[in-house]
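Step one of this worksheet: look at the structure below.
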Amino acid sequence: MKEIRLTVYGAEVKCASCINLPSAKETKEWLEAAVTRKFPDVMIHFVYCDINEPKTTEEKTFSEKIQNDDYFYPLVVINSEVVAEGNLKIRTIFEKIADELNDSNNSKKSEQLISESPD
């Protein structure tokens, strides 16, 4: 099964346009609860990244883009692909996870068909 990594980027201080929305950390927590309920048998690694303290190269890249106003936070990235930003829609995130799972299953089926085909 394909590994899924869901990263939520944000900061302790909310952006001005997000004042009435949950913080990025709160967003990560409710996303983790909702996604785990929807996909109970899928191993998903949830990460929160403070844009002022990124750890990896990818985190630094997305954090800089947020700080340069290319993206709003909270920013949700699944397997290095931006899925949602600002006021998130859970359906969009569910659809992306389902697509990732379908891609993984289709790849396995293709590999199986290739290995079963005669030379």
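Each chain in the structure tokens gets a letter, A, B, ..., in the order shown, and its residues are numbered from 1; ligands are numbered from 1 in order too.
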Kindly assemble as a tab-separated table a list of the region 42-118 of chain A residues that lie within 10 Å of region 17-34 of chain A, each paired with its nearest atom pair and their distance in Å to one decimal, using only C-alpha atoms, sorted first by chain and then by ascending residue number.
```
residue	atom	partner	partner_atom	distance
A:Ile44	CA	A:Glu32	CA	8.8
A:His45	CA	A:Glu32	CA	9.1
A:Phe46	CA	A:Glu32	CA	6.7
A:Val47	CA	A:Lys28	CA	7.6
A:Tyr48	CA	A:Lys28	CA	6.5
A:Cys49	CA	A:Lys25	CA	8.7
A:Asp50	CA	A:Ala24	CA	8.7
A:Phe72	CA	A:Cys18	CA	9.1
A:Tyr73	CA	A:Ala24	CA	7.0
A:Pro74	CA	A:Ala24	CA	4.9
A:Leu75	CA	A:Ala24	CA	8.0
A:Val76	CA	A:Lys28	CA	8.7
A:Gly86	CA	A:Cys18	CA	7.1
A:Asn87	CA	A:Leu21	CA	7.3
A:Leu88	CA	A:Thr27	CA	8.8
A:Ile90	CA	A:Leu31	CA	7.8
A:Ile93	CA	A:Leu31	CA	8.9
A:Phe94	CA	A:Ala34	CA	9.3
```
Looking only at the backbone, which of the residues in region 60-103 of chain A does DSSP tag as strand (DSSP E), as a CSV table (one decimal) with C-alpha atoms, in the first residue's frame?
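Output below, filename part.csv:
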```csv
chain,number,residue,atom,x,y,z
A,75,LEU,CA,-1.8,24.9,3.8
A,76,VAL,CA,-2.5,21.1,3.3
A,77,VAL,CA,0.0,19.1,1.3
A,78,ILE,CA,-0.4,15.4,0.5
A,81,GLU,CA,1.2,18.2,-3.7
A,82,VAL,CA,-0.8,21.2,-2.5
A,83,VAL,CA,-4.4,20.1,-1.9
A,84,ALA,CA,-6.0,23.0,0.0
A,85,GLU,CA,-5.2,26.3,1.6
```
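Residues lying within 10 Å of Asn52 (chain A), counting only C-alpha atoms and ignoring same-chain neighbours fewer than 4 positions away, are Tyr9, Gly10, Ala11, Glu12, Lys60, Ser63, Glu64 and Gln67 of chain A.
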TODO: Name the closest residue to Ser80 (chain A) among the candidates A:Glu53, A:Glu100, A:Met43, A:Glu58; distances are taken between atoms, counting only C-alpha atoms.
DONE: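 Ranking A:Glu53, A:Glu100, A:Met43, A:Glu58 by distance to Ser80 (chain A), first place goes to A:Glu58.
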TODO: Figure out the distance between CA of Asp70 (chain A) and CA of Thr57 (chain A), please, to one decimal in Å.
DONE: 17.3 Å
- [ ] Give me every alpha helix (DSSP H) residue in chain A, going by DSSP on the backbone, as a VMD selection string.
- [x] chain A and resid 24 to 38 57 to 67 90 to 116
Hey, can you spit out that residue selection with C-alpha atoms as an mmCIF file, in the first residue's frame?
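Output file again_38.cif is given in full below:
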```cif
data_model
loop_
_atom_site.group_PDB
_atom_site.id
_atom_site.type_symbol
_atom_site.label_atom_id
_atom_site.label_comp_id
_atom_site.auth_asym_id
_atom_site.auth_seq_id
_atom_site.Cartn_x
_atom_site.Cartn_y
_atom_site.Cartn_z
ATOM 1 C CA ALA A 24 -3.316 25.490 11.667
ATOM 2 C CA LYS A 25 -2.517 23.197 14.605
ATOM 3 C CA GLU A 26 -6.238 22.783 15.364
ATOM 4 C CA THR A 27 -6.819 22.160 11.650
ATOM 5 C CA LYS A 28 -4.215 19.370 11.674
ATOM 6 C CA GLU A 29 -5.920 17.804 14.713
ATOM 7 C CA TRP A 30 -9.447 17.821 13.266
ATOM 8 C CA LEU A 31 -8.158 16.682 9.870
ATOM 9 C CA GLU A 32 -6.368 13.772 11.508
ATOM 10 C CA ALA A 33 -9.553 12.765 13.341
ATOM 11 C CA ALA A 34 -11.788 13.131 10.257
ATOM 12 C CA VAL A 35 -9.409 11.402 7.832
ATOM 13 C CA THR A 36 -8.740 8.537 10.244
ATOM 14 C CA ARG A 37 -12.503 7.971 10.608
ATOM 15 C CA LYS A 38 -13.016 8.057 6.826
ATOM 16 C CA THR A 57 13.894 20.901 2.430
ATOM 17 C CA GLU A 58 10.267 20.458 1.350
ATOM 18 C CA GLU A 59 9.001 22.150 4.510
ATOM 19 C CA LYS A 60 11.392 25.066 3.910
ATOM 20 C CA THR A 61 10.169 25.429 0.320
ATOM 21 C CA PHE A 62 6.461 25.507 1.240
ATOM 22 C CA SER A 63 7.112 27.731 4.280
ATOM 23 C CA GLU A 64 8.912 30.282 2.115
ATOM 24 C CA LYS A 65 6.051 30.249 -0.394
ATOM 25 C CA ILE A 66 3.571 30.937 2.408
ATOM 26 C CA GLN A 67 5.732 33.745 3.788
ATOM 27 C CA ILE A 90 -12.710 18.355 3.754
ATOM 28 C CA ARG A 91 -14.234 16.817 0.633
ATOM 29 C CA THR A 92 -11.258 17.999 -1.456
ATOM 30 C CA ILE A 93 -8.862 16.334 0.973
ATOM 31 C CA PHE A 94 -10.876 13.090 1.022
ATOM 32 C CA GLU A 95 -10.918 13.037 -2.789
ATOM 33 C CA LYS A 96 -7.142 13.487 -2.998
ATOM 34 C CA ILE A 97 -6.535 10.656 -0.531
ATOM 35 C CA ALA A 98 -8.917 8.412 -2.485
ATOM 36 C CA ASP A 99 -7.060 9.317 -5.708
ATOM 37 C CA GLU A 100 -3.730 8.464 -4.075
ATOM 38 C CA LEU A 101 -5.129 5.103 -2.978
ATOM 39 C CA ASN A 102 -6.593 4.405 -6.431
ATOM 40 C CA ASP A 103 -3.270 5.277 -8.085
ATOM 41 C CA SER A 104 -1.535 2.883 -5.720
ATOM 42 C CA ASN A 105 -4.028 0.088 -6.413
ATOM 43 C CA ASN A 106 -3.879 0.673 -10.185
ATOM 44 C CA SER A 107 -0.068 0.570 -10.087
ATOM 45 C CA LYS A 108 -0.146 -2.742 -8.214
ATOM 46 C CA LYS A 109 -2.648 -4.166 -10.705
ATOM 47 C CA SER A 110 -0.475 -3.006 -13.620
ATOM 48 C CA GLU A 111 2.640 -4.521 -12.038
ATOM 49 C CA GLN A 112 0.756 -7.778 -11.456
ATOM 50 C CA LEU A 113 -0.479 -7.884 -15.053
ATOM 51 C CA ILE A 114 3.028 -7.208 -16.348
ATOM 52 C CA SER A 115 4.547 -9.933 -14.191
ATOM 53 C CA GLU A 116 1.843 -12.415 -15.238
#
```
